[in-house]
Structures are given as structure tokens and as C-alpha cells.
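**Q** Input structure: my_file29.csv, which contains CSV, C-alpha atoms.
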```
chain,number,residue,atom,x,y,z
A,27,MET,CA,-119.4,-71.3,-115.1
A,28,ASP,CA,-115.9,-71.8,-116.3
A,29,MET,CA,-117.0,-71.2,-119.9
A,30,ASP,CA,-118.7,-67.9,-119.0
A,31,GLU,CA,-115.6,-66.7,-117.2
A,32,ALA,CA,-113.4,-67.7,-120.1
A,33,LYS,CA,-115.7,-65.8,-122.5
A,34,ALA,CA,-115.7,-62.7,-120.3
A,35,LEU,CA,-111.9,-62.7,-119.8
A,36,PRO,CA,-110.9,-61.9,-123.5
A,37,GLN,CA,-113.6,-59.2,-123.7
A,38,ALA,CA,-112.1,-57.5,-120.7
A,39,GLU,CA,-108.6,-57.7,-122.2
A,40,VAL,CA,-109.9,-56.2,-125.5
A,41,THR,CA,-111.5,-53.3,-123.7
A,42,GLU,CA,-108.3,-52.7,-121.7
A,43,THR,CA,-106.1,-52.6,-124.8
A,44,THR,CA,-108.5,-50.3,-126.7
A,45,THR,CA,-108.6,-47.9,-123.8
A,46,GLN,CA,-104.8,-47.9,-123.5
A,47,GLU,CA,-104.0,-47.2,-127.2
A,48,PRO,CA,-105.4,-43.7,-127.4
A,49,GLN,CA,-103.4,-42.8,-124.2
A,50,GLU,CA,-100.2,-43.9,-125.9
A,51,LYS,CA,-100.8,-42.1,-129.1
A,52,VAL,CA,-101.2,-38.7,-127.5
A,53,PRO,CA,-97.7,-38.5,-126.0
A,54,LYS,CA,-96.2,-39.8,-129.3
A,55,GLU,CA,-97.8,-37.0,-131.3
A,56,GLY,CA,-96.5,-34.5,-128.7
A,57,LEU,CA,-93.1,-36.0,-128.8
A,58,GLN,CA,-93.0,-35.8,-132.6
A,59,GLU,CA,-93.9,-32.1,-132.5
A,60,LYS,CA,-91.2,-31.5,-130.0
A,61,LYS,CA,-88.6,-33.3,-132.2
A,62,LEU,CA,-89.7,-31.3,-135.2
A,63,ILE,CA,-89.3,-28.0,-133.3
A,64,LEU,CA,-85.9,-29.1,-132.0
A,65,TYR,CA,-84.7,-30.0,-135.6
A,66,ALA,CA,-86.0,-26.6,-136.8
A,67,VAL,CA,-84.1,-24.8,-134.1
A,68,ILE,CA,-80.9,-26.8,-134.8
A,69,ALA,CA,-81.2,-26.1,-138.5
A,70,VAL,CA,-81.6,-22.3,-137.9
A,71,VAL,CA,-78.6,-22.3,-135.6
A,72,VAL,CA,-76.4,-24.2,-138.1
A,73,ILE,CA,-77.4,-21.8,-140.9
A,74,LEU,CA,-76.6,-18.8,-138.8
A,75,VAL,CA,-73.2,-20.2,-137.8
A,76,LEU,CA,-72.4,-20.9,-141.5
A,77,VAL,CA,-73.5,-17.4,-142.6
A,78,ILE,CA,-71.5,-15.7,-139.8
A,79,GLY,CA,-68.5,-18.0,-140.4
A,80,GLY,CA,-68.7,-17.2,-144.2
A,81,ILE,CA,-68.8,-13.4,-143.5
A,82,VAL,CA,-65.8,-13.6,-141.2
A,83,LEU,CA,-63.8,-15.7,-143.7
A,84,MET,CA,-64.7,-13.3,-146.5
A,85,ALA,CA,-63.6,-10.4,-144.5
A,86,ARG,CA,-60.2,-12.0,-143.6
A,87,HIS,CA,-59.5,-13.4,-147.1
A,88,PRO,CA,-60.6,-11.0,-149.8
A,89,GLN,CA,-58.8,-12.8,-152.7
A,90,ALA,CA,-60.5,-16.2,-151.8
A,91,THR,CA,-63.8,-14.3,-151.6
A,92,ALA,CA,-63.3,-13.0,-155.2
A,93,THR,CA,-62.6,-16.5,-156.4
A,94,VAL,CA,-65.7,-17.9,-154.6
A,95,ARG,CA,-67.8,-15.0,-156.1
A,96,ASP,CA,-66.6,-15.8,-159.6
A,97,ILE,CA,-67.4,-19.5,-159.2
A,98,ALA,CA,-70.9,-18.6,-157.8
A,99,ILE,CA,-71.5,-16.3,-160.8
A,100,VAL,CA,-70.5,-19.1,-163.2
A,101,PHE,CA,-72.7,-21.6,-161.3
A,102,VAL,CA,-75.7,-19.2,-161.5
A,103,ALA,CA,-75.1,-18.6,-165.2
A,104,VAL,CA,-75.1,-22.4,-165.9
A,105,MET,CA,-78.2,-22.9,-163.8
A,106,THR,CA,-80.0,-20.1,-165.6
A,107,PHE,CA,-79.1,-21.8,-168.9
A,108,PHE,CA,-80.5,-25.1,-167.8
A,109,ILE,CA,-83.7,-23.5,-166.5
A,110,GLY,CA,-84.1,-21.7,-169.8
A,111,VAL,CA,-83.7,-25.0,-171.7
A,112,ALA,CA,-86.3,-26.6,-169.3
A,113,VAL,CA,-88.8,-23.8,-169.9
A,114,LEU,CA,-88.3,-24.2,-173.7
A,115,VAL,CA,-88.9,-27.9,-173.5
A,116,LEU,CA,-92.0,-27.2,-171.4
A,117,LEU,CA,-93.3,-24.7,-174.0
A,118,VAL,CA,-92.8,-27.3,-176.8
A,119,GLN,CA,-94.7,-29.9,-174.8
A,120,LEU,CA,-97.5,-27.5,-174.2
A,121,THR,CA,-97.7,-26.7,-177.9
A,122,ILE,CA,-97.8,-30.4,-178.7
A,123,LEU,CA,-100.6,-30.9,-176.1
A,124,VAL,CA,-102.7,-28.1,-177.6
A,125,LYS,CA,-102.2,-29.6,-181.1
A,126,VAL,CA,-103.3,-33.0,-179.8
A,127,LEU,CA,-106.4,-31.4,-178.2
A,128,ARG,CA,-107.3,-29.6,-181.4
A,129,GLU,CA,-106.7,-32.5,-183.8
A,130,GLU,CA,-107.9,-35.4,-181.8
A,131,ILE,CA,-110.1,-34.4,-178.9
A,132,ALA,CA,-112.3,-31.9,-180.8
A,133,PRO,CA,-113.3,-34.3,-183.6
A,134,MET,CA,-113.9,-37.0,-180.9
A,135,MET,CA,-116.3,-34.6,-179.2
A,136,ALA,CA,-118.0,-33.8,-182.4
A,137,ALA,CA,-118.5,-37.5,-183.1
A,138,LEU,CA,-119.8,-38.0,-179.6
A,139,GLN,CA,-122.3,-35.3,-180.1
A,140,GLU,CA,-123.4,-36.9,-183.4
A,141,THR,CA,-123.8,-40.2,-181.7
A,142,LEU,CA,-125.8,-38.7,-178.9
A,143,ALA,CA,-128.1,-37.1,-181.5
A,144,THR,CA,-128.5,-40.5,-183.2
A,145,VAL,CA,-129.3,-42.2,-179.9
A,146,ARG,CA,-132.0,-39.5,-179.2
A,147,GLY,CA,-133.5,-40.1,-182.7
A,148,THR,CA,-133.5,-43.8,-182.2
A,149,THR,CA,-135.1,-43.5,-178.8
A,150,ALA,CA,-137.9,-41.3,-180.3
A,151,PHE,CA,-138.4,-43.8,-183.2
A,152,VAL,CA,-138.6,-46.8,-180.9
A,153,SER,CA,-141.0,-44.9,-178.7
A,154,GLU,CA,-143.3,-44.1,-181.6
A,155,SER,CA,-142.9,-47.3,-183.5
A,156,VAL,CA,-142.8,-50.0,-180.9
A,157,VAL,CA,-143.9,-48.7,-177.5
A,158,SER,CA,-146.9,-46.7,-178.6
A,159,PRO,CA,-148.5,-49.5,-180.5
A,160,VAL,CA,-147.9,-52.0,-177.7
A,161,VAL,CA,-149.4,-49.6,-175.2
A,162,LYS,CA,-152.4,-49.1,-177.5
A,163,ALA,CA,-152.8,-52.8,-178.0
A,164,ALA,CA,-152.6,-53.4,-174.2
A,165,SER,CA,-155.2,-50.7,-173.6
A,166,PHE,CA,-157.5,-52.2,-176.2
A,167,ALA,CA,-157.1,-55.7,-174.7
A,168,ALA,CA,-157.8,-54.3,-171.2
A,169,GLY,CA,-160.9,-52.6,-172.6
A,170,VAL,CA,-162.1,-55.8,-174.3
A,171,LYS,CA,-161.5,-57.7,-171.1
A,172,ARG,CA,-163.5,-55.2,-169.1
A,173,VAL,CA,-166.4,-55.2,-171.6
A,174,ALA,CA,-166.4,-59.0,-171.7
A,175,GLY,CA,-166.4,-59.1,-167.9
A,176,ASN,CA,-169.3,-56.7,-167.8
A,177,VAL,CA,-171.3,-58.7,-170.4
A,178,LEU,CA,-170.6,-61.9,-168.6
A,179,GLY,CA,-171.5,-60.3,-165.3
A,180,PHE,CA,-174.8,-59.0,-166.8
A,181,ALA,CA,-175.5,-62.5,-168.2
A,182,ARG,CA,-174.9,-64.1,-164.8
A,183,ALA,CA,-177.1,-61.6,-163.1
A,184,VAL,CA,-179.9,-62.2,-165.6
A,185,LYS,CA,-179.4,-66.0,-165.2
A,186,ARG,CA,-179.6,-65.6,-161.4
A,187,GLY,CA,-182.7,-63.5,-161.7
A,188,GLN,CA,-184.4,-66.2,-163.8
A,189,SER,CA,-183.3,-68.9,-161.3
A,190,LYS,CA,-184.7,-66.9,-158.4
A,191,SER,CA,-188.0,-66.6,-160.0
A,192,ALA,CA,-188.1,-70.3,-160.8
A,193,THR,CA,-187.1,-71.4,-157.3
A,194,GLY,CA,-189.0,-68.7,-155.5
A,195,GLY,CA,-185.9,-66.9,-154.2
A,196,LYS,CA,-184.4,-69.8,-152.3
A,197,ASN,CA,-181.0,-69.7,-154.0
A,198,ASP,CA,-180.2,-66.2,-153.0
A,199,VAL,CA,-176.5,-65.4,-153.1
A,200,GLN,CA,-175.3,-62.3,-151.4
A,201,GLU,CA,-172.6,-60.2,-153.1
```
What's the C-alpha cells form of this structure?
**A**
Amino acid sequence: MDMDEAKALPQAEVTETTTQEPQEKVPKEGLQEKKLILYAVIAVVVILVLVIGGIVLMARHPQATATVRDIAIVFVAVMTFFIGVAVLVLLVQLTILVKVLREEIAPMMAALQETLATVRGTTAFVSESVVSPVVKAASFAAGVKRVAGNVLGFARAVKRGQSKSATGGKNDVQE
């Protein structure tokens, strides 16, 4: 009895732990959503404080605002230059890709289609040259076997008929 109780005990523990896991996951997911909402609210508040503070500082210090404006214009111009260079590099890469596709992939596809046509021709040739004669030979062999079986069966029947008449029908075999 101790062995049965020992076997039943771990099973009960397993079912308890499996029933507790989903209950723990539900509050964690809700807690993560609450944290995400809290972080979003904090981010919006910080951005609003920075915007309002910037507006107040720009209104109080117009000369500093002009300097910051000039720096921002230069920064935007430099970023526009880098973005333009990146777009040009992307266009060059796209041109190279199209060239590769035309010069390498298209001939490869043509060769693949040619190989496929060759395989189809080879399949047709093998079917006509090898498979058809083998099927015809097998059919002929089956026919010969059937004819031989019929001839031998007829010979046996004739032989049985002769033996019946000789013995007076005592060796009668039922089929």
C-alpha cells in the first residue's frame, strides 16, 4: 500500500502545480499591461513638459531661440544630405540586383526549362523503349501460362475421365 500512495502523491503534486500556473500568468499579463500604460502616460507628460518649457524659454530668450533655430536648420540640412546619399546607394544596389537577375537568373531559368524538356523526352523514350516491351512480354508470359494451365487442366480432366471409366467411377474427386 505504501508504494501505491507514493505513486499517487507525485501525481497529485503535478496536477496542483499545473492548475496553479495559469492562475499566476493571468495577473502577470495584467500587470504588464498596466506598466505599459503607466510608461506611456509618463512619456506623454514628459514630452508635454519639455514642449511647454521650450516654448516658455523661447519666448523669454529670443536671441537663444534664433541660435537654436539656426543649429536645427543646419542639422536638418545635414540629415537631408545623408538621406539623399542613402537613397542613391539604394538605387545603385537595386540596379545591380536587376542586372544580376537579367544576366544570371534568366539564363538559369532557360537552362532549367531545357533540362525539364530533356527529362520529359527521356521519360517518353524509356516508357516506349523499355516499359512497353516489358509489359508486352509479361502479358505474353501470362497468356502462355494461362493457355498451358488450360491445356494441362484439360489433359487432367481427360485422364480422370479415362480412369473413371476404367475403375467404374470409384475414384471420383469432387472439385
**Q** To one decimal in Å, tell me the separation between CA of Glu154 in chain A and CA of Phe166 in chain A.
**A**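 That distance, rounded to one decimal, is 17.2 Å.
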**Q** Quick one: pull the distance between CA of Ala163 in chain A and CA of Thr148 in chain A, Å, one decimal.
**A**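 We find that CA of Ala163 in chain A and CA of Thr148 in chain A lie 21.7 Å from each other.
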**Q** Distance CA of Ile97 in chain A-CA of Val113 in chain A, one decimal place?
**A** 24.3 Å
